[in-house]
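Novice: Dropping in input-v1.cif, with mmCIF, C-alpha atoms and all ligand atoms.
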data_target
#
loop_
_atom_site.label_atom_id
_atom_site.label_comp_id
_atom_site.auth_asym_id
_atom_site.auth_seq_id
_atom_site.Cartn_x
_atom_site.Cartn_y
_atom_site.Cartn_z
CA MET A 884 46.40 154.23 -116.31
CA LYS A 885 44.83 153.31 -112.98
CA ARG A 886 43.59 156.38 -111.15
CA ALA A 887 43.31 156.65 -107.42
CA GLU A 888 39.91 156.09 -105.82
CA MET A 889 37.95 159.32 -105.84
CA SER A 890 36.19 160.74 -102.83
CA THR A 891 32.82 160.25 -104.51
CA GLU A 892 31.11 163.46 -103.35
CA ALA A 893 27.77 163.16 -101.58
CA VAL A 894 26.25 160.22 -103.43
CA PRO A 895 23.76 158.59 -101.02
CA SER A 896 24.45 154.90 -100.49
CA ASN A 897 20.92 153.76 -99.63
CA PRO A 898 19.17 152.72 -102.92
CA SER A 899 15.92 154.51 -102.12
CA ASP A 900 17.81 157.68 -101.14
CA ILE A 901 19.51 157.62 -104.54
CA LEU A 902 16.15 157.26 -106.30
CA LYS A 903 14.69 160.09 -104.19
CA SER A 904 17.57 162.37 -105.06
CA ILE A 905 17.19 161.59 -108.79
CA TYR A 906 13.41 162.04 -108.66
CA ARG A 907 13.70 165.46 -107.02
CA ARG A 908 16.15 166.58 -109.70
CA ALA A 909 13.86 165.32 -112.48
CA MET A 910 10.91 167.15 -110.93
CA VAL A 911 12.89 170.40 -110.70
CA ILE A 912 13.53 170.14 -114.45
CA ARG A 913 9.91 169.23 -115.27
CA GLU A 914 8.49 172.12 -113.23
CA ALA A 915 10.96 174.63 -114.65
CA GLU A 916 10.18 173.61 -118.21
CA LYS A 917 6.42 173.63 -117.69
CA THR A 918 6.87 177.17 -116.40
CA LEU A 919 8.95 178.14 -119.44
CA GLN A 920 6.32 176.63 -121.74
CA GLN A 921 3.71 179.00 -120.26
CA LEU A 922 6.06 182.00 -120.23
CA PHE A 923 6.67 181.42 -123.93
CA VAL A 924 2.93 181.39 -124.67
CA ASP A 925 2.67 184.65 -122.69
CA GLY A 926 5.33 186.22 -124.93
CA LYS A 927 7.82 186.64 -122.10
CA VAL A 928 10.70 184.55 -123.51
CA PRO A 929 12.87 186.24 -126.11
CA GLY A 930 14.10 183.80 -128.76
CA PHE A 931 13.58 180.11 -129.31
CA LEU A 932 12.76 177.50 -126.70
CA HIS A 933 13.53 173.78 -127.05
CA LEU A 934 12.02 171.88 -124.14
CA SER A 935 13.26 168.53 -122.86
CA ILE A 936 9.95 167.43 -121.33
CA GLY A 937 10.00 163.60 -121.51
CA GLN A 938 13.81 163.44 -121.38
CA GLU A 939 14.41 164.59 -117.78
CA ALA A 940 15.46 161.21 -116.42
CA VAL A 941 18.74 161.16 -118.33
CA ALA A 942 20.46 164.23 -116.87
CA ALA A 943 18.73 163.79 -113.50
CA THR A 944 20.26 160.33 -113.18
CA VAL A 945 23.70 160.87 -114.71
CA SER A 946 24.18 163.91 -112.47
CA GLU A 947 23.73 161.72 -109.41
CA PHE A 948 27.22 160.41 -110.08
CA LEU A 949 28.90 163.71 -110.95
CA ALA A 950 31.22 165.65 -108.68
CA PRO A 951 31.52 169.45 -108.63
CA GLY A 952 34.80 169.31 -110.58
CA ASP A 953 33.30 167.30 -113.44
CA THR A 954 32.22 169.28 -116.48
CA VAL A 955 29.12 169.13 -118.65
CA SER A 956 28.34 170.48 -122.08
CA SER A 957 25.07 170.37 -123.81
CA ASN A 958 23.08 171.09 -126.95
CA HIS A 959 20.12 173.26 -127.92
CA ARG A 960 17.86 171.24 -125.58
CA GLY A 961 19.99 171.99 -122.54
CA HIS A 962 17.76 173.19 -119.68
CA GLY A 963 17.69 169.83 -117.91
CA HIS A 964 21.43 169.28 -118.28
CA THR A 965 22.04 172.71 -116.77
CA LEU A 966 19.71 172.42 -113.80
CA ALA A 967 20.88 168.87 -113.08
CA LYS A 968 24.47 170.16 -112.77
CA GLY A 969 23.27 172.36 -109.91
CA VAL A 970 22.85 175.75 -111.58
CA SER A 971 20.67 178.16 -109.58
CA LEU A 972 17.03 178.09 -110.64
CA THR A 973 16.65 181.85 -110.20
CA GLY A 974 19.76 182.57 -112.27
CA PHE A 975 18.51 180.10 -114.88
CA PHE A 976 15.05 181.67 -115.21
CA ALA A 977 16.57 185.15 -115.21
CA GLU A 978 18.93 184.13 -118.01
CA ILE A 979 16.16 182.76 -120.22
CA LEU A 980 14.07 185.87 -119.55
CA GLY A 981 17.03 188.05 -120.56
CA ARG A 982 17.51 189.65 -117.11
CA ALA A 983 20.70 191.19 -115.76
CA THR A 984 20.81 188.69 -112.91
CA GLY A 985 20.85 185.71 -115.29
CA ILE A 986 23.71 183.24 -115.09
CA CYS A 987 25.19 184.86 -118.22
CA GLY A 988 23.95 188.35 -117.43
CA GLY A 989 20.86 187.78 -119.57
CA ARG A 990 22.96 187.82 -122.75
CA GLY A 991 22.81 184.14 -123.64
CA GLY A 992 19.26 182.93 -123.25
CA SER A 993 17.92 179.42 -123.57
CA MET A 994 20.48 178.05 -126.03
CA HIS A 995 23.49 179.50 -124.20
CA VAL A 996 22.86 178.79 -120.55
CA ALA A 997 26.23 178.21 -118.89
CA ASP A 998 27.84 178.50 -115.49
CA LEU A 999 31.55 177.83 -115.65
CA ARG A 1000 31.94 178.02 -111.85
CA LEU A 1001 29.83 174.87 -111.64
CA GLY A 1002 31.47 173.13 -114.59
CA MET A 1003 28.44 173.75 -116.82
CA LEU A 1004 30.28 174.67 -120.02
CA GLY A 1005 27.18 175.66 -121.91
CA ALA A 1006 24.21 174.75 -124.01
CA ASN A 1007 24.94 175.14 -127.71
CA GLY A 1008 22.88 175.90 -130.81
CA ILE A 1009 25.35 174.23 -133.16
CA VAL A 1010 24.47 170.55 -133.41
CA GLY A 1011 27.42 168.43 -132.28
CA ALA A 1012 29.42 171.39 -130.94
CA GLY A 1013 29.32 170.19 -127.35
CA LEU A 1014 31.50 167.20 -128.22
CA PRO A 1015 34.75 169.03 -129.04
CA ILE A 1016 34.22 171.34 -126.06
CA THR A 1017 33.87 168.33 -123.79
CA THR A 1018 36.74 166.45 -125.39
CA GLY A 1019 39.00 169.45 -124.79
CA SER A 1020 37.72 169.75 -121.25
CA ALA A 1021 38.46 166.06 -120.65
CA LEU A 1022 42.03 166.61 -121.83
CA ALA A 1023 42.41 169.42 -119.28
CA LEU A 1024 40.82 167.32 -116.52
CA LYS A 1025 43.12 164.40 -117.31
CA ALA A 1026 46.14 166.71 -117.08
CA ARG A 1027 44.95 167.84 -113.62
CA GLY A 1028 44.93 164.19 -112.57
CA ARG A 1029 42.03 164.43 -110.13
CA ASN A 1030 39.81 161.68 -111.58
CA GLU A 1031 37.29 164.16 -112.92
CA ILE A 1032 35.25 163.43 -116.01
CA ALA A 1033 33.62 165.49 -118.75
CA VAL A 1034 30.09 164.72 -119.89
CA VAL A 1035 28.47 165.73 -123.15
CA TYR A 1036 24.76 165.35 -123.76
CA PHE A 1037 23.85 165.26 -127.44
CA GLY A 1038 21.01 164.05 -129.62
CA ASP A 1039 20.79 161.26 -132.15
CA GLY A 1040 20.65 163.94 -134.85
CA ALA A 1041 24.25 164.90 -134.03
CA LEU A 1042 25.54 161.48 -135.05
CA ALA A 1043 25.51 162.47 -138.72
CA GLU A 1044 28.04 165.26 -137.99
CA GLY A 1045 31.68 164.61 -138.96
CA LEU A 1046 32.81 166.46 -135.85
CA VAL A 1047 31.26 163.77 -133.66
CA HIS A 1048 33.37 161.09 -135.32
CA GLU A 1049 36.53 163.16 -134.85
CA CYS A 1050 35.81 163.49 -131.14
CA LEU A 1051 35.15 159.78 -130.67
CA ASN A 1052 38.45 159.07 -132.41
CA ILE A 1053 40.58 161.46 -130.37
CA ALA A 1054 38.90 160.56 -127.07
CA ARG A 1055 39.77 156.92 -127.65
CA LEU A 1056 43.23 157.62 -129.06
CA TRP A 1057 44.26 159.86 -126.15
CA SER A 1058 42.24 157.93 -123.58
CA LEU A 1059 40.19 160.91 -122.39
CA PRO A 1060 37.52 160.64 -119.69
CA VAL A 1061 34.56 161.76 -121.81
CA LEU A 1062 31.09 160.41 -121.17
CA PHE A 1063 29.34 160.68 -124.54
CA CYS A 1064 25.71 160.63 -123.44
CA CYS A 1065 23.35 160.34 -126.42
CA GLU A 1066 19.71 161.19 -125.81
CA ASN A 1067 18.15 159.24 -128.63
CA ASN A 1068 14.60 160.56 -129.02
CA GLY A 1069 14.25 159.31 -132.59
CA TRP A 1070 13.92 162.79 -134.07
CA SER A 1071 16.23 165.31 -135.63
CA GLU A 1072 14.07 168.41 -135.95
CA PHE A 1073 11.21 167.18 -138.15
CA SER A 1074 12.86 164.04 -139.57
CA PRO A 1075 13.03 160.59 -138.06
CA THR A 1076 16.62 159.72 -137.28
CA GLU A 1077 16.63 156.49 -139.27
CA ARG A 1078 16.33 158.60 -142.41
CA GLN A 1079 19.63 160.29 -141.65
CA LEU A 1080 21.92 157.68 -140.16
CA SER A 1081 23.42 154.65 -141.84
CA VAL A 1082 24.88 153.26 -138.63
CA LYS A 1083 23.86 152.50 -135.06
CA LEU A 1084 25.74 154.24 -132.26
CA LYS A 1085 26.59 150.86 -130.78
CA ASP A 1086 28.41 149.92 -134.00
CA LEU A 1087 30.20 153.25 -134.07
CA ALA A 1088 31.36 152.61 -130.52
CA GLY A 1089 32.70 149.24 -131.63
CA ALA A 1090 34.49 150.81 -134.58
CA PHE A 1091 36.28 153.26 -132.30
CA GLY A 1092 36.86 150.73 -129.53
CA ILE A 1093 34.90 152.76 -126.98
CA ALA A 1094 32.93 151.07 -124.20
CA TYR A 1095 29.19 151.32 -124.86
CA ALA A 1096 26.06 150.84 -122.79
CA GLU A 1097 22.42 151.54 -123.52
CA ALA A 1098 19.40 152.10 -121.34
CA ASP A 1099 15.74 152.98 -121.39
CA GLY A 1100 16.29 156.71 -120.98
CA ASN A 1101 12.88 157.21 -119.39
CA ASP A 1102 13.55 154.84 -116.50
CA ILE A 1103 15.72 156.26 -113.73
CA LEU A 1104 16.58 152.79 -112.46
CA ALA A 1105 17.74 151.55 -115.86
CA ILE A 1106 19.90 154.64 -116.42
CA LEU A 1107 21.22 154.49 -112.86
CA GLU A 1108 22.57 150.99 -113.31
CA VAL A 1109 24.53 151.72 -116.47
CA ALA A 1110 25.59 155.30 -115.60
CA ARG A 1111 26.99 154.31 -112.20
CA ASP A 1112 29.12 151.55 -113.71
CA ALA A 1113 30.26 153.59 -116.70
CA ILE A 1114 31.29 156.56 -114.56
CA SER A 1115 33.15 154.51 -111.98
CA HIS A 1116 34.99 152.70 -114.78
CA MET A 1117 35.88 156.06 -116.34
CA ARG A 1118 37.19 157.46 -113.05
CA ALA A 1119 39.30 154.39 -112.37
CA GLU A 1120 40.75 153.91 -115.84
CA CYS A 1121 40.58 157.37 -117.46
CA VAL A 1122 38.76 156.17 -120.57
CA PRO A 1123 35.86 157.43 -122.68
CA HIS A 1124 32.45 155.81 -122.52
CA ILE A 1125 29.30 156.01 -124.64
CA LEU A 1126 25.90 155.87 -123.00
CA GLU A 1127 22.87 155.73 -125.30
CA CYS A 1128 19.54 156.53 -123.67
CA ARG A 1129 16.36 155.92 -125.67
CA THR A 1130 14.00 158.69 -124.73
CA THR A 1131 10.99 160.76 -125.83
CA ARG A 1132 10.77 164.35 -127.05
CA VAL A 1133 7.26 165.08 -125.88
CA ARG A 1134 7.05 168.65 -127.16
CA GLY A 1135 7.77 169.85 -130.68
CA HIS A 1136 11.30 170.48 -131.88
CA TYR A 1137 10.78 174.01 -130.56
CA GLU A 1138 7.82 175.69 -128.87
CA GLY A 1139 5.39 176.69 -131.59
CA ASP A 1140 6.24 173.70 -133.80
CA LYS A 1141 2.92 172.40 -135.19
CA GLN A 1142 4.25 168.82 -135.28
CA ASP A 1143 2.11 167.78 -138.24
CA TYR A 1144 4.88 165.35 -139.19
CA ARG A 1145 4.30 163.18 -136.09
CA PRO A 1146 2.71 159.75 -136.67
CA SER A 1147 -0.68 159.42 -134.99
CA GLY A 1148 -0.56 157.52 -131.72
CA GLU A 1149 2.93 158.73 -130.82
CA ALA A 1150 1.57 161.06 -128.14
CA ASP A 1151 -0.16 158.17 -126.37
CA GLU A 1152 2.96 156.00 -126.57
CA MET A 1153 5.01 158.83 -125.08
CA SER A 1154 2.62 159.48 -122.25
CA ALA A 1155 2.79 155.80 -121.29
CA ARG A 1156 6.55 156.27 -121.01
CA ASP A 1157 6.53 159.50 -118.98
CA PRO A 1158 9.80 159.40 -117.00
CA ILE A 1159 8.23 161.12 -113.98
CA VAL A 1160 5.46 158.53 -113.77
CA ILE A 1161 7.98 155.71 -114.18
CA ALA A 1162 10.18 157.27 -111.49
CA ARG A 1163 7.23 157.39 -109.06
CA ARG A 1164 6.68 153.69 -109.74
CA ARG A 1165 10.34 152.98 -109.03
CA LEU A 1166 10.11 154.95 -105.77
CA ALA A 1167 7.04 152.98 -104.68
CA GLU A 1168 8.79 149.69 -105.50
CA SER A 1169 11.71 150.68 -103.31
CA GLY A 1170 9.42 151.48 -100.37
CA VAL A 1171 9.17 155.28 -100.69
CA THR A 1172 5.77 156.49 -99.55
CA ALA A 1173 3.25 158.46 -101.58
CA ASP A 1174 3.43 161.11 -98.84
CA TRP A 1175 7.12 161.64 -99.50
CA VAL A 1176 6.36 162.13 -103.19
CA LYS A 1177 3.56 164.59 -102.41
CA THR A 1178 5.74 166.62 -100.05
CA THR A 1179 8.65 166.64 -102.49
CA ASP A 1180 6.44 167.75 -105.37
CA ALA A 1181 5.07 170.58 -103.21
CA GLU A 1182 8.59 171.66 -102.19
CA VAL A 1183 9.78 171.64 -105.80
CA LYS A 1184 6.76 173.69 -106.93
CA ALA A 1185 7.26 176.23 -104.14
CA ALA A 1186 10.98 176.64 -104.95
CA ASN A 1187 10.09 176.97 -108.63
CA ALA A 1188 7.52 179.68 -107.93
CA SER A 1189 9.87 181.74 -105.78
CA ALA A 1190 12.75 181.42 -108.26
CA LEU A 1191 10.45 182.59 -111.03
CA GLU A 1192 9.20 185.54 -108.97
CA ALA A 1193 12.77 186.65 -108.27
CA ALA A 1194 13.70 186.32 -111.94
CA LEU A 1195 10.64 188.22 -113.14
CA SER A 1196 11.35 191.10 -110.81
CA ALA A 1197 15.01 191.38 -111.91
CA PRO A 1198 16.00 194.27 -114.18
CA LEU A 1199 16.89 194.00 -117.86
CA PRO A 1200 20.61 194.51 -118.58
CA ASP A 1201 21.74 198.15 -118.79
CA ALA A 1202 22.17 199.15 -122.45
CA ALA A 1203 25.52 200.75 -121.53
CA THR A 1204 26.90 197.25 -120.90
CA LEU A 1205 26.06 196.07 -124.43
CA LEU A 1206 29.65 195.25 -125.32
CA ALA A 1207 30.65 193.79 -121.96
CA ASP A 1208 32.02 190.25 -122.29
CA VAL A 1209 32.21 190.56 -126.07
CA TYR A 1210 35.90 191.48 -126.30
CA THR A 1211 38.75 190.65 -123.97
CA ALA A 1212 40.99 193.45 -122.68
CA GLY A 1213 43.11 194.79 -125.56
CA GLU A 1214 40.61 193.61 -128.19
CA THR A 1215 38.07 196.38 -128.01
CA GLY A 1216 37.15 196.34 -131.67
CA HIS A 1217 38.48 197.72 -134.92
CA GLY A 1218 40.89 200.59 -135.43
C1 LIG B 1 25.58 172.15 -137.41
C2 LIG B 1 24.08 172.29 -137.38
N1 LIG B 1 23.34 171.72 -138.35
C3 LIG B 1 21.99 171.85 -138.33
C4 LIG B 1 21.37 172.58 -137.36
C5 LIG B 1 19.85 172.70 -137.32
N2 LIG B 1 19.33 171.84 -136.26
C6 LIG B 1 19.03 172.33 -135.04
S1 LIG B 1 18.53 171.15 -133.98
C7 LIG B 1 18.67 169.96 -135.16
C8 LIG B 1 18.31 168.53 -134.86
C9 LIG B 1 19.00 168.01 -133.69
O1 LIG B 1 18.52 166.71 -133.39
P1 LIG B 1 19.12 165.97 -132.17
O2 LIG B 1 20.59 166.22 -132.12
O3 LIG B 1 18.67 164.57 -132.24
O4 LIG B 1 18.50 166.70 -130.90
P2 LIG B 1 16.97 166.80 -130.46
O5 LIG B 1 16.45 168.08 -131.04
O6 LIG B 1 16.26 165.62 -130.99
O7 LIG B 1 17.02 166.86 -128.99
C10 LIG B 1 19.13 170.49 -136.36
C11 LIG B 1 19.38 169.70 -137.57
C12 LIG B 1 22.19 173.19 -136.38
N3 LIG B 1 21.68 173.90 -135.38
N4 LIG B 1 23.54 173.01 -136.39
MG MG B 2 16.95 163.69 -131.51
#
Give the structure from the file, written as structure tokens.
Ligand SMILES: Cc1ncc(C[n+]2csc(CCOP(=O)(O)OP(=O)(O)O)c2C)c(N)n1
Ligand SMILES: [Mg+2]
Specialist:
Amino acid sequence: MKRAEMSTEAVPSNPSDILKSIYRRAMVIREAEKTLQQLFVDGKVPGFLHLSIGQEAVAATVSEFLAPGDTVSSNHRGHGHTLAKGVSLTGFFAEILGRATGICGGRGGSMHVADLRLGMLGANGIVGAGLPITTGSALALKARGRNEIAVVYFGDGALAEGLVHECLNIARLWSLPVLFCCENNGWSEFSPTERQLSVKLKDLAGAFGIAYAEADGNDILAILEVARDAISHMRAECVPHILECRTTRVRGHYEGDKQDYRPSGEADEMSARDPIVIARRRLAESGVTADWVKTTDAEVKAANASALEAALSAPLPDAATLLADVYTAGETGHG
């Protein structure tokens, strides 16, 4: 089915403007997660924290080509996916700090950040669970017929889940506009992925007949080139697409992970591939000045600080609202 040309939102057409927009988004994620890292050390974050430091370029770049009506679902490492979709930084911090003003009223926390008004369908602690959510969302978007797409970010560890294979099958069979975006960081918790998977994602894509592209997931320019083409193909033809981004999980699986399973030298390799540093190089190559970068970094830091201040001064949820949003009307519990 050929779908009408979409009014492609506010994507800048000048190449350096596109890179600037992606860089700013990546920096917002980096600053927010560095802040969360410290808040966790200070004992201010209830629950677990899985940081995506080193992986920011993927969501920052893919989101450049997303429209407000497109949907996104995510996994346990979902902060970057959420912020890149445009969720408010204050509401995000407040959510992770468990405050009443959080995007989910402070009830979800890090692994359940969601904002349905913006098409952010949620982070998810169940590995692979974002795929069926996104596949269902893509079915709804296809029925609406407005050329919107549904994106799911998932890790290489999810590929061993049966559910993932079911979603690839149905997305291809029903021709659903799902962008399966795999952030392949080589780790599934504390195990290298090659110890868990008997197949490469590229071969799986071939088996299901789904278009596949791969990119260096730490290089905004590399991701940009494949994501732009994949997404415009998906909008025009209403088909699924797989995008595999090789990236780096710089922190532990979760904050507090001792990481004694890491091979020596991996930290140095990862720092040489820092997506922010690579992005700055890409900006310089396209003629963006160091002054622009400096000003942007300062703006991002200032916005981060004021969002954090607002979140920290927000109240905790009122205990009387404990059961709010748990049951729908008419389902208020037993008896
Ligand atoms: C269904 C299910 N199985 C196992 C787990 C435990 N678990 C949490 S994260 C994770 C590894 C995920 O690896 P990957 O998908 O590659 O994401 P990454 O942490 O590398 O970003 C596992 C096995 C879980 N949460 N859900
Ligand atoms: Mg992984």
Novice: Measure the distance from CA of Phe976 (chain A) to CA of Asn1187 (chain A) in Å and round it to one decimal.
Specialist: 9.5 Å
Novice: Could you work out an axis-aligned box for region 903-909 of chain A, taking every atom the file lists and adding 6 Å on each side, and report centre and edge lengths in Å to one decimal, as AutoDock Vina command-line options?
Specialist:
--center_x 15.5 --center_y 163.3 --center_z -108.3 --size_x 16.2 --size_y 18.5 --size_z 20.3
Novice: Show me which residues sit within 7 Å of ligand LIG 1 (chain B) when counting only C-alpha atoms and all ligand atoms, and put them as a compact mmCIF listing (two decimals) with C-alpha atoms, in the coordinates of the input.
Specialist:
# COMPACT_ATOMS: atom_id res chain seq x y z
CA HIS A 959 20.12 173.26 -127.92
CA ARG A 960 17.86 171.24 -125.58
CA GLY A 1008 22.88 175.90 -130.81
CA ILE A 1009 25.35 174.23 -133.16
CA VAL A 1010 24.47 170.55 -133.41
CA GLY A 1011 27.42 168.43 -132.28
CA PHE A 1037 23.85 165.26 -127.44
CA GLY A 1038 21.01 164.05 -129.62
CA ASP A 1039 20.79 161.26 -132.15
CA GLY A 1040 20.65 163.94 -134.85
CA ALA A 1041 24.25 164.90 -134.03
CA ASN A 1067 18.15 159.24 -128.63
CA ASN A 1068 14.60 160.56 -129.02
CA GLY A 1069 14.25 159.31 -132.59
CA TRP A 1070 13.92 162.79 -134.07
CA SER A 1071 16.23 165.31 -135.63
CA GLU A 1072 14.07 168.41 -135.95
CA ARG A 1132 10.77 164.35 -127.05
CA HIS A 1136 11.30 170.48 -131.88
Novice: In the coordinates of the file, take the point (11.0, 163.8, -122.0) and a cut-off of 8 Å; then, counting all atoms listed in the file, name each qualifying protein, DNA or RNA residue as a list in words.
Specialist: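 Residues close enough to count: Ser935, Ile936, Gly937, Gln938, Glu939, Ala940, Asn1101, Thr1130, Thr1131, Arg1132, Val1133, Asp1157 and Pro1158 of chain A.
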Novice: Tell me which of A:Ser899, A:Thr1076, A:Ser946, A:Thr1018 sits closest to ligand MG 2 (chain B), counting all atoms listed in the file.
Specialist: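 Distance minimum relative to ligand MG 2 (chain B) lands on A:Thr1076.
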Novice: Show me as a PyMOL selection string the residues that reach within 7 Å of (40.7, 157.3, -121.3), counting all atoms listed in the file and using the file's own coordinates.
Specialist: chain A and resi 1054-1055+1057-1060+1120-1123
Novice: What is the CA of Gly1092 (chain A)-CA of Ile1053 (chain A) distance in Å, reported with one decimal?
Specialist: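 It comes out at 11.4 Å.
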Novice: Tell me which of A:Val1176, A:Asp1201, A:Leu1080, A:Ala1185 sits closest to ligand MG 2 (chain B), counting all atoms listed in the file.
Specialist: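 That would be A:Leu1080, the residue with the smallest distance to ligand MG 2 (chain B).
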Novice: Contacts of region 917-930 of chain A at 10 Å or less, counting only C-alpha atoms, minus same-chain residues fewer than 6 places along, as a list in words?
Specialist: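 Listed by chain and then number, they are Ile936, Phe976, Glu978, Ile979, Leu980, Gly981, Gly992, Ser993, Met994, Arg1134, Glu1138, Gly1139, Asn1187, Ala1188, Leu1191 and Leu1195 of chain A.
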Novice: Given the choices A:Gly989, A:Pro1198, A:Gly952, A:Pro898, which gets closest to Arg1029 (chain A) if the distance is worked out from all atoms listed in the file?
Specialist: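 Among the listed residues, A:Gly952 lies closest to Arg1029 (chain A).
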Novice: Point out the residue among A:Ala1088, A:Met910, A:Leu902, A:Cys1128 with the least atom-to-atom distance to ligand MG 2 (chain B), counting all atoms listed in the file.
Specialist: A:Cys1128
